[in-house]
$ cat input09.cif   # mmCIF, C-alpha atoms
data_protein
loop_
_atom_site.group_PDB
_atom_site.id
_atom_site.type_symbol
_atom_site.label_atom_id
_atom_site.label_comp_id
_atom_site.auth_asym_id
_atom_site.auth_seq_id
_atom_site.Cartn_x
_atom_site.Cartn_y
_atom_site.Cartn_z
ATOM 1 C CA MET A 1 40.057 54.035 12.167
ATOM 2 C CA LEU A 2 40.818 57.217 14.024
ATOM 3 C CA LEU A 3 44.309 57.429 12.598
ATOM 4 C CA GLY A 4 43.862 57.361 8.875
ATOM 5 C CA VAL A 5 46.792 57.548 6.511
ATOM 6 C CA VAL A 6 49.959 57.886 8.532
ATOM 7 C CA SER A 7 53.039 59.551 7.230
ATOM 8 C CA CYS A 8 56.098 58.869 9.346
ATOM 9 C CA SER A 9 59.230 60.873 8.915
ATOM 10 C CA ALA A 10 62.445 59.903 10.639
ATOM 11 C CA ALA A 11 62.715 63.274 12.326
ATOM 12 C CA ASP A 12 65.119 63.728 15.201
ATOM 13 C CA PRO A 13 63.129 64.021 18.443
ATOM 14 C CA LEU A 14 64.955 67.230 19.262
ATOM 15 C CA ASP A 15 63.494 68.815 16.142
ATOM 16 C CA ALA A 16 60.103 68.651 17.805
ATOM 17 C CA ASP A 17 61.079 71.316 20.330
ATOM 18 C CA VAL A 18 59.471 74.610 19.455
ATOM 19 C CA PRO A 19 61.666 77.529 20.524
ATOM 20 C CA GLY A 20 60.022 79.980 22.870
ATOM 21 C CA VAL A 21 56.988 77.790 23.478
ATOM 22 C CA GLU A 22 56.425 75.907 26.711
ATOM 23 C CA PRO A 23 56.544 72.136 26.002
ATOM 24 C CA ASP A 24 53.281 71.621 27.917
ATOM 25 C CA VAL A 25 51.492 74.058 25.637
ATOM 26 C CA VAL A 26 52.834 72.224 22.594
ATOM 27 C CA ASP A 27 51.803 68.909 24.162
ATOM 28 C CA ALA A 28 48.308 70.199 24.947
ATOM 29 C CA GLU A 29 47.797 71.235 21.338
ATOM 30 C CA ASP A 30 49.081 67.910 20.002
ATOM 31 C CA ILE A 31 46.904 65.986 22.468
ATOM 32 C CA ARG A 32 43.872 67.928 21.258
ATOM 33 C CA LEU A 33 44.747 67.200 17.625
ATOM 34 C CA THR A 34 45.400 63.511 18.398
ATOM 35 C CA ARG A 35 41.971 63.213 19.997
ATOM 36 C CA GLN A 36 40.546 64.625 16.771
ATOM 37 C CA GLY A 37 42.330 61.879 14.820
ATOM 38 C CA ASP A 38 45.469 63.625 13.590
ATOM 39 C CA PRO A 39 48.200 60.936 13.333
ATOM 40 C CA ASP A 40 50.988 63.483 12.833
ATOM 41 C CA ALA A 41 50.138 65.068 16.174
ATOM 42 C CA TYR A 42 50.592 61.742 17.946
ATOM 43 C CA ARG A 43 53.830 61.122 16.046
ATOM 44 C CA ARG A 44 55.113 64.465 17.355
ATOM 45 C CA LEU A 45 54.116 63.529 20.913
ATOM 46 C CA ILE A 46 55.962 60.211 20.612
ATOM 47 C CA GLU A 47 59.062 61.857 19.183
ATOM 48 C CA ARG A 48 59.082 64.441 21.938
ATOM 49 C CA HIS A 49 58.730 61.957 24.805
ATOM 50 C CA GLN A 50 60.285 58.696 23.620
ATOM 51 C CA VAL A 51 63.759 59.484 24.970
ATOM 52 C CA HIS A 52 62.337 60.060 28.454
ATOM 53 C CA VAL A 53 60.210 56.896 28.283
ATOM 54 C CA ALA A 54 63.134 54.864 26.895
ATOM 55 C CA LYS A 55 65.310 56.048 29.789
ATOM 56 C CA ILE A 56 62.752 54.800 32.331
ATOM 57 C CA LEU A 57 62.296 51.446 30.620
ATOM 58 C CA TRP A 58 66.019 50.795 30.250
ATOM 59 C CA ARG A 59 65.938 50.121 33.998
ATOM 60 C CA PHE A 60 63.349 47.418 33.393
ATOM 61 C CA SER A 61 65.018 45.625 30.498
ATOM 62 C CA ARG A 62 68.517 45.898 29.126
ATOM 63 C CA ASP A 63 67.647 43.653 26.199
ATOM 64 C CA ARG A 64 67.376 46.072 23.283
ATOM 65 C CA SER A 65 64.535 44.344 21.451
ATOM 66 C CA VAL A 66 62.483 43.900 24.640
ATOM 67 C CA HIS A 67 63.258 47.474 25.627
ATOM 68 C CA GLU A 68 62.001 48.831 22.321
ATOM 69 C CA GLU A 69 58.830 46.740 22.563
ATOM 70 C CA LEU A 70 58.162 48.084 26.049
ATOM 71 C CA VAL A 71 58.581 51.651 24.809
ATOM 72 C CA GLN A 72 56.097 50.892 22.016
ATOM 73 C CA ASP A 73 53.651 49.395 24.529
ATOM 74 C CA VAL A 74 53.754 52.582 26.576
ATOM 75 C CA PHE A 75 52.778 54.739 23.621
ATOM 76 C CA VAL A 76 50.056 52.328 22.500
ATOM 77 C CA GLU A 77 48.623 52.277 26.048
ATOM 78 C CA ALA A 78 48.937 56.037 26.296
ATOM 79 C CA TYR A 79 47.045 56.461 23.033
ATOM 80 C CA LEU A 80 44.276 54.100 24.085
ATOM 81 C CA SER A 81 43.745 55.951 27.353
ATOM 82 C CA LEU A 82 44.435 59.452 26.090
ATOM 83 C CA ASN A 83 40.847 60.407 26.847
ATOM 84 C CA THR A 84 41.532 59.878 30.550
ATOM 85 C CA PHE A 85 44.446 62.351 30.528
ATOM 86 C CA ARG A 86 43.071 65.503 32.122
ATOM 87 C CA GLY A 87 46.089 67.720 31.580
ATOM 88 C CA ASN A 88 46.450 68.710 35.245
ATOM 89 C CA ALA A 89 50.072 67.509 35.244
ATOM 90 C CA PRO A 90 52.618 67.465 32.406
ATOM 91 C CA LEU A 91 52.227 64.656 29.886
ATOM 92 C CA SER A 92 55.736 63.435 30.746
ATOM 93 C CA HIS A 93 54.603 62.639 34.326
ATOM 94 C CA TRP A 94 51.615 60.724 33.042
ATOM 95 C CA LEU A 95 53.788 58.810 30.563
ATOM 96 C CA ALA A 96 56.314 58.048 33.313
ATOM 97 C CA ARG A 97 53.572 56.409 35.371
ATOM 98 C CA ILE A 98 52.435 54.343 32.387
ATOM 99 C CA ALA A 99 56.058 53.375 31.675
ATOM 100 C CA THR A 100 56.547 52.262 35.275
ATOM 101 C CA ARG A 101 53.366 50.200 35.111
ATOM 102 C CA VAL A 102 54.376 48.605 31.790
ATOM 103 C CA GLY A 103 57.878 47.826 33.077
ATOM 104 C CA TYR A 104 56.603 46.413 36.351
ATOM 105 C CA ARG A 105 54.114 44.215 34.510
ATOM 106 C CA TYR A 106 56.996 42.918 32.379
ATOM 107 C CA TRP A 107 59.023 42.105 35.520
ATOM 108 C CA LYS A 108 56.084 40.272 37.093
ATOM 109 C CA GLU A 109 55.588 38.224 33.945
ATOM 110 C CA LYS A 110 59.295 37.413 33.814
ATOM 111 C CA ALA A 111 59.334 36.457 37.500
ATOM 112 C CA ARG A 112 56.351 34.124 36.939
ATOM 113 C CA GLN A 113 58.316 32.400 34.195
ATOM 114 C CA LYS A 114 61.440 32.345 36.398
ATOM 115 C CA GLU A 115 63.533 33.994 33.708
ATOM 116 C CA ALA A 116 65.997 35.830 35.929
ATOM 117 C CA GLU A 117 69.474 36.033 34.447
ATOM 118 C CA ALA A 118 72.116 34.015 36.192
ATOM 119 C CA PHE A 119 73.947 36.136 38.714
ATOM 120 C CA SER A 120 76.947 35.249 40.773
ATOM 121 C CA LEU A 121 77.674 37.154 43.952
ATOM 122 C CA ALA A 122 81.309 36.871 42.965
ATOM 123 C CA GLU A 123 80.617 39.725 40.530
ATOM 124 C CA TRP A 124 79.595 41.910 43.451
ATOM 125 C CA ASP A 125 82.580 40.816 45.472
ATOM 126 C CA GLN A 126 85.013 41.400 42.606
ATOM 127 C CA ILE A 127 84.428 45.112 42.916
ATOM 128 C CA ALA A 128 86.686 46.249 45.669
ATOM 129 C CA ASP A 129 85.036 47.859 48.654
ATOM 130 C CA ASP A 130 86.779 51.182 48.232
ATOM 131 C CA ARG A 131 85.196 54.367 46.984
ATOM 132 C CA ASN A 132 87.764 55.093 44.248
ATOM 133 C CA THR A 133 87.313 51.725 42.540
ATOM 134 C CA VAL A 134 83.541 52.085 42.435
ATOM 135 C CA GLU A 135 83.648 55.688 41.279
ATOM 136 C CA GLN A 136 85.981 54.799 38.424
ATOM 137 C CA LEU A 137 83.808 51.935 37.276
ATOM 138 C CA ASP A 138 82.260 52.195 33.812
ATOM 139 C CA ALA A 139 78.663 53.484 34.112
ATOM 140 C CA ASN A 140 77.337 50.744 31.858
ATOM 141 C CA GLN A 141 79.091 48.049 33.868
ATOM 142 C CA ALA A 142 77.729 49.463 37.132
ATOM 143 C CA ALA A 143 74.181 49.620 35.739
ATOM 144 C CA SER A 144 74.392 46.095 34.370
ATOM 145 C CA LEU A 145 75.655 44.723 37.679
ATOM 146 C CA LEU A 146 72.891 46.411 39.666
ATOM 147 C CA HIS A 147 70.289 45.271 37.152
ATOM 148 C CA ARG A 148 71.288 41.627 37.589
ATOM 149 C CA LEU A 149 71.658 41.970 41.332
ATOM 150 C CA LEU A 150 68.174 43.453 41.758
ATOM 151 C CA GLU A 151 66.760 40.833 39.410
ATOM 152 C CA GLN A 152 67.312 38.313 42.185
ATOM 153 C CA LEU A 153 64.637 40.081 44.252
ATOM 154 C CA PRO A 154 60.855 39.868 43.792
ATOM 155 C CA PRO A 155 59.470 42.565 41.416
ATOM 156 C CA ARG A 156 57.890 44.616 44.209
ATOM 157 C CA ASP A 157 61.173 44.971 46.109
ATOM 158 C CA ARG A 158 63.078 45.528 42.944
ATOM 159 C CA LEU A 159 60.737 48.327 41.866
ATOM 160 C CA VAL A 160 61.012 50.295 45.074
ATOM 161 C CA LEU A 161 64.818 49.928 45.230
ATOM 162 C CA MET A 162 65.141 50.911 41.593
ATOM 163 C CA LEU A 163 63.041 54.045 41.983
ATOM 164 C CA ARG A 164 64.473 55.126 45.336
ATOM 165 C CA TYR A 165 68.150 54.402 44.790
ATOM 166 C CA LEU A 166 68.833 53.907 41.098
ATOM 167 C CA GLU A 167 66.620 56.737 39.914
ATOM 168 C CA GLY A 168 67.142 58.689 43.135
ATOM 169 C CA TYR A 169 63.478 59.633 43.648
ATOM 170 C CA ASP A 170 62.161 60.692 47.036
ATOM 171 C CA VAL A 171 59.299 58.898 48.789
ATOM 172 C CA ALA A 172 56.635 61.210 47.326
ATOM 173 C CA GLU A 173 57.781 60.741 43.726
ATOM 174 C CA THR A 174 58.142 56.981 44.216
ATOM 175 C CA ALA A 175 54.575 56.911 45.553
ATOM 176 C CA ARG A 176 53.339 58.858 42.521
ATOM 177 C CA ARG A 177 55.143 56.531 40.132
ATOM 178 C CA THR A 178 53.920 53.320 41.708
ATOM 179 C CA GLY A 179 50.476 54.450 42.812
ATOM 180 C CA TRP A 180 51.302 53.298 46.361
ATOM 181 C CA THR A 181 50.862 55.373 49.496
ATOM 182 C CA LYS A 182 53.939 57.068 50.996
ATOM 183 C CA THR A 183 53.712 54.785 54.022
ATOM 184 C CA MET A 184 53.656 51.768 51.785
ATOM 185 C CA VAL A 185 56.710 53.023 49.890
ATOM 186 C CA LYS A 186 58.616 53.460 53.172
ATOM 187 C CA VAL A 187 57.643 50.018 54.458
ATOM 188 C CA GLN A 188 58.354 48.359 51.134
ATOM 189 C CA ALA A 189 61.727 50.097 50.828
ATOM 190 C CA LEU A 190 62.693 48.961 54.319
ATOM 191 C CA ARG A 191 61.797 45.353 53.589
ATOM 192 C CA ALA A 192 63.464 45.420 50.185
ATOM 193 C CA ARG A 193 66.678 46.870 51.634
ATOM 194 C CA GLU A 194 66.732 44.116 54.211
ATOM 195 C CA LYS A 195 66.327 41.461 51.525
ATOM 196 C CA LEU A 196 69.070 43.064 49.499
ATOM 197 C CA ARG A 197 71.345 43.129 52.544
ATOM 198 C CA LYS A 198 70.724 39.438 53.097
ATOM 199 C CA LEU A 199 71.383 38.759 49.447
ATOM 200 C CA VAL A 200 74.731 40.511 49.318
ATOM 201 C CA GLU A 201 75.708 39.031 52.650
ATOM 202 C CA ARG A 202 74.802 35.566 51.285
ATOM 203 C CA SER A 203 72.214 34.746 53.908
ATOM 204 C CA GLY A 204 69.053 35.210 51.854
ATOM 205 C CA MET A 205 69.246 32.788 48.973
ATOM 206 C CA GLU A 206 65.532 31.834 49.090
ATOM 207 C CA LEU A 207 64.391 35.258 47.951
ATOM 208 C CA ILE A 208 62.305 34.495 44.880
ATOM 209 C CA MET B 1 82.659 50.960 53.037
ATOM 210 C CA ASN B 2 79.597 48.854 53.875
ATOM 211 C CA TRP B 3 77.334 47.131 51.321
ATOM 212 C CA GLU B 4 74.834 49.975 51.329
ATOM 213 C CA GLU B 5 77.423 52.658 50.556
ATOM 214 C CA LYS B 6 78.775 50.452 47.799
ATOM 215 C CA PHE B 7 75.265 49.996 46.416
ATOM 216 C CA MET B 8 74.615 53.753 46.504
ATOM 217 C CA LEU B 9 77.881 54.532 44.746
ATOM 218 C CA LEU B 10 77.149 51.948 42.065
ATOM 219 C CA ALA B 11 73.668 53.449 41.635
ATOM 220 C CA ALA B 12 75.185 56.898 41.215
ATOM 221 C CA ARG B 13 77.558 55.516 38.553
ATOM 222 C CA ALA B 14 74.667 53.708 36.845
ATOM 223 C CA ARG B 15 72.764 56.994 36.514
ATOM 224 C CA ALA B 16 75.513 58.287 34.231
ATOM 225 C CA GLU B 17 74.923 55.473 31.762
ATOM 226 C CA GLU B 18 73.985 56.287 28.167
ATOM 227 C CA ILE B 19 70.606 54.998 27.051
ATOM 228 C CA PRO B 20 70.220 53.389 23.596
ATOM 229 C CA HIS B 21 68.505 55.587 21.036
ATOM 230 C CA VAL B 22 65.012 54.491 20.050
ATOM 231 C CA ASN B 23 62.559 55.695 17.450
ATOM 232 C CA VAL B 24 59.275 53.888 17.956
ATOM 233 C CA ALA B 25 56.943 56.362 16.259
ATOM 234 C CA PRO B 26 56.614 54.431 12.960
ATOM 235 C CA GLU B 27 55.935 51.105 14.723
ATOM 236 C CA VAL B 28 53.443 52.605 17.168
ATOM 237 C CA LEU B 29 51.514 54.391 14.435
ATOM 238 C CA THR B 30 51.494 51.221 12.323
ATOM 239 C CA LEU B 31 50.134 49.236 15.293
ATOM 240 C CA LEU B 32 47.445 51.825 15.892
ATOM 241 C CA THR B 33 46.364 51.892 12.263
ATOM 242 C CA SER B 34 46.347 48.127 11.778
ATOM 243 C CA GLY B 35 43.321 47.052 13.712
ATOM 244 C CA ARG B 36 44.161 48.140 17.206
ATOM 245 C CA PRO B 37 41.052 49.390 19.003
ATOM 246 C CA GLU B 38 40.507 53.098 19.290
ATOM 247 C CA PRO B 39 40.048 54.713 22.685
ATOM 248 C CA LEU B 40 36.425 54.412 23.732
ATOM 249 C CA THR B 41 34.488 57.602 24.340
ATOM 250 C CA VAL B 42 32.139 57.904 27.314
ATOM 251 C CA ALA B 43 29.128 57.432 25.032
ATOM 252 C CA GLU B 44 30.675 54.309 23.488
ATOM 253 C CA ASN B 45 31.398 52.956 26.941
ATOM 254 C CA LEU B 46 27.743 53.474 27.922
ATOM 255 C CA TRP B 47 26.545 51.715 24.777
ATOM 256 C CA MET B 48 28.955 48.842 25.440
ATOM 257 C CA TRP B 49 27.565 48.307 28.950
ATOM 258 C CA LEU B 50 23.994 48.673 27.712
ATOM 259 C CA ALA B 51 24.644 46.043 25.023
ATOM 260 C CA ALA B 52 26.239 43.716 27.576
ATOM 261 C CA GLY B 53 23.242 44.154 29.924
ATOM 262 C CA ALA B 54 20.760 43.569 27.101
ATOM 263 C CA SER B 55 22.592 40.387 26.079
ATOM 264 C CA ALA B 56 22.575 39.151 29.652
ATOM 265 C CA VAL B 57 18.772 39.477 29.716
ATOM 266 C CA ALA B 58 18.146 38.345 26.139
ATOM 267 C CA VAL B 59 19.937 34.983 26.276
ATOM 268 C CA PRO B 60 17.988 33.518 29.262
ATOM 269 C CA ALA B 61 14.779 34.999 27.831
ATOM 270 C CA ALA B 62 15.425 33.207 24.527
ATOM 271 C CA VAL B 63 16.009 29.911 26.331
ATOM 272 C CA VAL B 64 12.740 30.278 28.264
ATOM 273 C CA ALA B 65 10.853 31.248 25.087
ATOM 274 C CA VAL B 66 12.115 28.204 23.146
ATOM 275 C CA SER B 67 11.144 25.846 25.991
ATOM 276 C CA ALA B 68 7.700 27.457 26.275
ATOM 277 C CA TYR B 69 7.232 27.215 22.509
ATOM 278 C CA ASN B 70 8.193 23.532 22.471
ATOM 279 C CA ALA B 71 5.849 22.804 25.382
ATOM 280 C CA SER B 72 2.925 24.580 23.738
ATOM 281 C CA MET B 73 3.608 22.871 20.399
ATOM 282 C CA GLY B 74 2.921 19.398 21.880
ATOM 283 C CA PRO B 75 -0.898 19.266 21.363
ATOM 284 C CA LEU B 76 -0.670 21.070 18.033
ATOM 285 C CA ARG B 77 1.935 18.587 16.758
ATOM 286 C CA GLU B 78 -0.411 15.711 17.650
ATOM 287 C CA ILE B 79 -3.188 17.239 15.571
ATOM 288 C CA VAL B 80 -0.820 17.850 12.629
ATOM 289 C CA ASN B 81 0.490 14.287 12.827
ATOM 290 C CA SER B 82 -3.015 12.838 12.925
ATOM 291 C CA ILE B 83 -4.033 14.597 9.694
ATOM 292 C CA SER B 84 -0.690 14.331 7.950
ATOM 293 C CA TRP B 85 -2.085 11.658 5.587
ATOM 294 C CA ALA B 86 -4.277 14.374 4.108
ATOM 295 C CA MET B 87 -1.375 16.670 3.262
#
$ encode --input "input09.cif" --output "structure tokens"
Amino acid sequence: MLLGVVSCSAADPLDADVPGVEPDVVDAEDIRLTRQGDPDAYRRLIERHQVHVAKILWRFSRDRSVHEELVQDVFVEAYLSLNTFRGNAPLSHWLARIATRVGYRYWKEKARQKEAEAFSLAEWDQIADDRNTVEQLDANQAASLLHRLLEQLPPRDRLVLMLRYLEGYDVAETARRTGWTKTMVKVQALRAREKLRKLVERSGMELI
Amino acid sequence: MNWEEKFMLLAARARAEEIPHVNVAPEVLTLLTSGRPEPLTVAENLWMWLAAGASAVAVPAAVVAVSAYNASMGPLREIVNSISWAM
């Protein structure tokens, strides 16, 4: 095995920050050491990036055990393809793409098994259509509502709406994350928005 | 406020949500040390494809060789059977 004896400390991820050193430089050194079989180097990489990866995957699953498994999958996949990482972009960008792919795969699998959570449009309607009410809504409640609302759409539409509007990424970043072209992102976003409009206006119930 | 503005405002609220803390390092390292495959190097990849190619040739060749052997053994087996009383 490449990773021999592994010692895992429960260090706080923030401890991994090295003052005065660019994170990318620290990452590059730990990537080099990981490729040479140093398990502690990979542990440091995980601890440094797991918060970022967890944040991305929380949009894909709000079930804590599933969420944690998805985060694990990202780091296992990243390790197995670490030799393909060329270091031209920060590791966090590369991990974000893997996380998006892992999350999307999970959505597709869930959609195949028709496991969407029950969602009533009454929940959407209950929130009054005035700015103040929405702005005073609990962040967790808002995120949960949008998660279940978007779950009613096919994974492809859901992904583009999530990246563009929930994460607030522009077309270029969405294209980078998904591996689609910018044109495809624009077209997909347009279609997805239309499906969402139909859904909230109760005229598109045959979406999945 | 139309549905889209409402959606955008909800999305903005959702961005402020706190994410659960995770620490997956021990599990990931355990998975990687307990029989998960290591990343393949370029040389290993080449060997893998070479082995796959060799197997693809070897299996049909073995089938042909066994049939040829059986066919050629016919006359010999007759001779052996005819003198088996002497053995």
$ resolve_selection --input "input09.cif" --expression "the PyMOL selection byres ((chain B) within 9 of (chain A))" --output "PDB file with C-alpha atoms, keeping the file's coordinate frame"
ATOM      1  CA  MET B   1      82.659  50.960  53.037  1.00  0.00           C
ATOM      2  CA  ASN B   2      79.597  48.854  53.875  1.00  0.00           C
ATOM      3  CA  TRP B   3      77.334  47.131  51.321  1.00  0.00           C
ATOM      4  CA  GLU B   4      74.834  49.975  51.329  1.00  0.00           C
ATOM      5  CA  GLU B   5      77.423  52.658  50.556  1.00  0.00           C
ATOM      6  CA  LYS B   6      78.775  50.452  47.799  1.00  0.00           C
ATOM      7  CA  PHE B   7      75.265  49.996  46.416  1.00  0.00           C
ATOM      8  CA  MET B   8      74.615  53.753  46.504  1.00  0.00           C
ATOM      9  CA  LEU B   9      77.881  54.532  44.746  1.00  0.00           C
ATOM     10  CA  LEU B  10      77.149  51.948  42.065  1.00  0.00           C
ATOM     11  CA  ALA B  11      73.668  53.449  41.635  1.00  0.00           C
ATOM     12  CA  ALA B  12      75.185  56.898  41.215  1.00  0.00           C
ATOM     13  CA  ARG B  13      77.558  55.516  38.553  1.00  0.00           C
ATOM     14  CA  ALA B  14      74.667  53.708  36.845  1.00  0.00           C
ATOM     15  CA  ARG B  15      72.764  56.994  36.514  1.00  0.00           C
ATOM     16  CA  ALA B  16      75.513  58.287  34.231  1.00  0.00           C
ATOM     17  CA  GLU B  17      74.923  55.473  31.762  1.00  0.00           C
ATOM     18  CA  GLU B  18      73.985  56.287  28.167  1.00  0.00           C
ATOM     19  CA  ILE B  19      70.606  54.998  27.051  1.00  0.00           C
ATOM     20  CA  PRO B  20      70.220  53.389  23.596  1.00  0.00           C
ATOM     21  CA  HIS B  21      68.505  55.587  21.036  1.00  0.00           C
ATOM     22  CA  VAL B  22      65.012  54.491  20.050  1.00  0.00           C
ATOM     23  CA  ASN B  23      62.559  55.695  17.450  1.00  0.00           C
ATOM     24  CA  VAL B  24      59.275  53.888  17.956  1.00  0.00           C
ATOM     25  CA  ALA B  25      56.943  56.362  16.259  1.00  0.00           C
ATOM     26  CA  PRO B  26      56.614  54.431  12.960  1.00  0.00           C
ATOM     27  CA  GLU B  27      55.935  51.105  14.723  1.00  0.00           C
ATOM     28  CA  VAL B  28      53.443  52.605  17.168  1.00  0.00           C
ATOM     29  CA  LEU B  29      51.514  54.391  14.435  1.00  0.00           C
ATOM     30  CA  THR B  30      51.494  51.221  12.323  1.00  0.00           C
ATOM     31  CA  LEU B  31      50.134  49.236  15.293  1.00  0.00           C
ATOM     32  CA  LEU B  32      47.445  51.825  15.892  1.00  0.00           C
ATOM     33  CA  THR B  33      46.364  51.892  12.263  1.00  0.00           C
ATOM     34  CA  SER B  34      46.347  48.127  11.778  1.00  0.00           C
ATOM     35  CA  GLY B  35      43.321  47.052  13.712  1.00  0.00           C
ATOM     36  CA  ARG B  36      44.161  48.140  17.206  1.00  0.00           C
ATOM     37  CA  PRO B  37      41.052  49.390  19.003  1.00  0.00           C
ATOM     38  CA  GLU B  38      40.507  53.098  19.290  1.00  0.00           C
ATOM     39  CA  PRO B  39      40.048  54.713  22.685  1.00  0.00           C
ATOM     40  CA  LEU B  40      36.425  54.412  23.732  1.00  0.00           C
ATOM     41  CA  THR B  41      34.488  57.602  24.340  1.00  0.00           C
TER      42      THR B  41
END
$ atom_distance --input "input09.cif" --atom1 "atom CA of Val160 of chain A" --atom2 "atom CA of Glu109 of chain A"
17.3 Å
$ atom_distance --input "input09.cif" --atom1 "atom CA of Val187 of chain A" --atom2 "atom CA of Asp157 of chain A"
10.4 Å
$ atom_distance --input "input09.cif" --atom1 "atom CA of Pro90 of chain A" --atom2 "atom CA of Ser65 of chain A"
28.2 Å
$ residues_around --input "input09.cif" --residues "Ala89 of chain A" --least-positions-apart "3" --cutoff "12 Å" --atoms "only C-alpha atoms" --output "list in words"
Asp24, Val25, Asp27, Ala28, Phe85, Arg86, Ser92, His93, Trp94, Leu95, Ala96, Arg97 and Arg176 of chain A
$ axis_aligned_box --input "input09.cif" --around "segment 27-38 of chain A" --padding-each-side "4 Å" --output "lines of an AutoDock Vina configuration file"
center_x = 46.2
center_y = 66.6
center_z = 19.3
size_x = 19.3
size_y = 17.4
size_z = 19.4
$ resolve_selection --input "input09.cif" --expression "the PyMOL selection byres ((chain A and resi 107) around 10)" --output "number ranges by chain"
A: 60-61, 101-106, 108-113, 115-116, 151, 154-156, 158-159
$ decode --input "input09.cif" --residues "segment 41-46 of chain B" --atoms "all heavy atoms" --output "mmCIF file, in the first residue's frame"
data_model
loop_
_atom_site.group_PDB
_atom_site.id
_atom_site.type_symbol
_atom_site.label_atom_id
_atom_site.label_comp_id
_atom_site.auth_asym_id
_atom_site.auth_seq_id
_atom_site.Cartn_x
_atom_site.Cartn_y
_atom_site.Cartn_z
ATOM 1 N N THR B 41 0.141 4.588 -12.002
ATOM 2 C CA THR B 41 1.100 5.461 -12.683
ATOM 3 C C THR B 41 0.958 5.210 -14.179
ATOM 4 O O THR B 41 0.283 4.265 -14.598
ATOM 5 C CB THR B 41 2.538 5.124 -12.242
ATOM 6 O OG1 THR B 41 2.785 3.784 -12.635
ATOM 7 C CG2 THR B 41 2.701 5.263 -10.742
ATOM 8 N N VAL B 42 1.610 6.029 -14.975
ATOM 9 C CA VAL B 42 1.537 5.876 -16.437
ATOM 10 C C VAL B 42 2.093 4.513 -16.838
ATOM 11 O O VAL B 42 1.514 3.802 -17.666
ATOM 12 C CB VAL B 42 2.337 7.021 -17.129
ATOM 13 C CG1 VAL B 42 2.359 6.812 -18.638
ATOM 14 C CG2 VAL B 42 1.723 8.366 -16.785
ATOM 15 N N ALA B 43 3.207 4.121 -16.212
ATOM 16 C CA ALA B 43 3.830 2.839 -16.545
ATOM 17 C C ALA B 43 2.879 1.687 -16.199
ATOM 18 O O ALA B 43 2.721 0.746 -16.983
ATOM 19 C CB ALA B 43 5.135 2.697 -15.778
ATOM 20 N N GLU B 44 2.225 1.802 -15.037
ATOM 21 C CA GLU B 44 1.289 0.741 -14.630
ATOM 22 C C GLU B 44 0.110 0.658 -15.589
ATOM 23 O O GLU B 44 -0.373 -0.419 -15.917
ATOM 24 C CB GLU B 44 0.800 0.995 -13.202
ATOM 25 C CG GLU B 44 1.849 0.662 -12.161
ATOM 26 C CD GLU B 44 1.458 1.157 -10.778
ATOM 27 O OE1 GLU B 44 0.703 2.152 -10.667
ATOM 28 O OE2 GLU B 44 1.917 0.562 -9.797
ATOM 29 N N ASN B 45 -0.340 1.831 -16.024
ATOM 30 C CA ASN B 45 -1.433 1.870 -16.996
ATOM 31 C C ASN B 45 -1.048 1.153 -18.282
ATOM 32 O O ASN B 45 -1.823 0.388 -18.841
ATOM 33 C CB ASN B 45 -1.781 3.328 -17.330
ATOM 34 C CG ASN B 45 -3.026 3.761 -16.613
ATOM 35 O OD1 ASN B 45 -3.955 2.973 -16.465
ATOM 36 N ND2 ASN B 45 -3.050 4.996 -16.162
ATOM 37 N N LEU B 46 0.199 1.414 -18.744
ATOM 38 C CA LEU B 46 0.687 0.770 -19.977
ATOM 39 C C LEU B 46 0.730 -0.744 -19.810
ATOM 40 O O LEU B 46 0.283 -1.484 -20.676
ATOM 41 C CB LEU B 46 2.094 1.292 -20.298
ATOM 42 C CG LEU B 46 2.142 2.576 -21.107
ATOM 43 C CD1 LEU B 46 3.582 3.045 -21.263
ATOM 44 C CD2 LEU B 46 1.541 2.348 -22.499
#
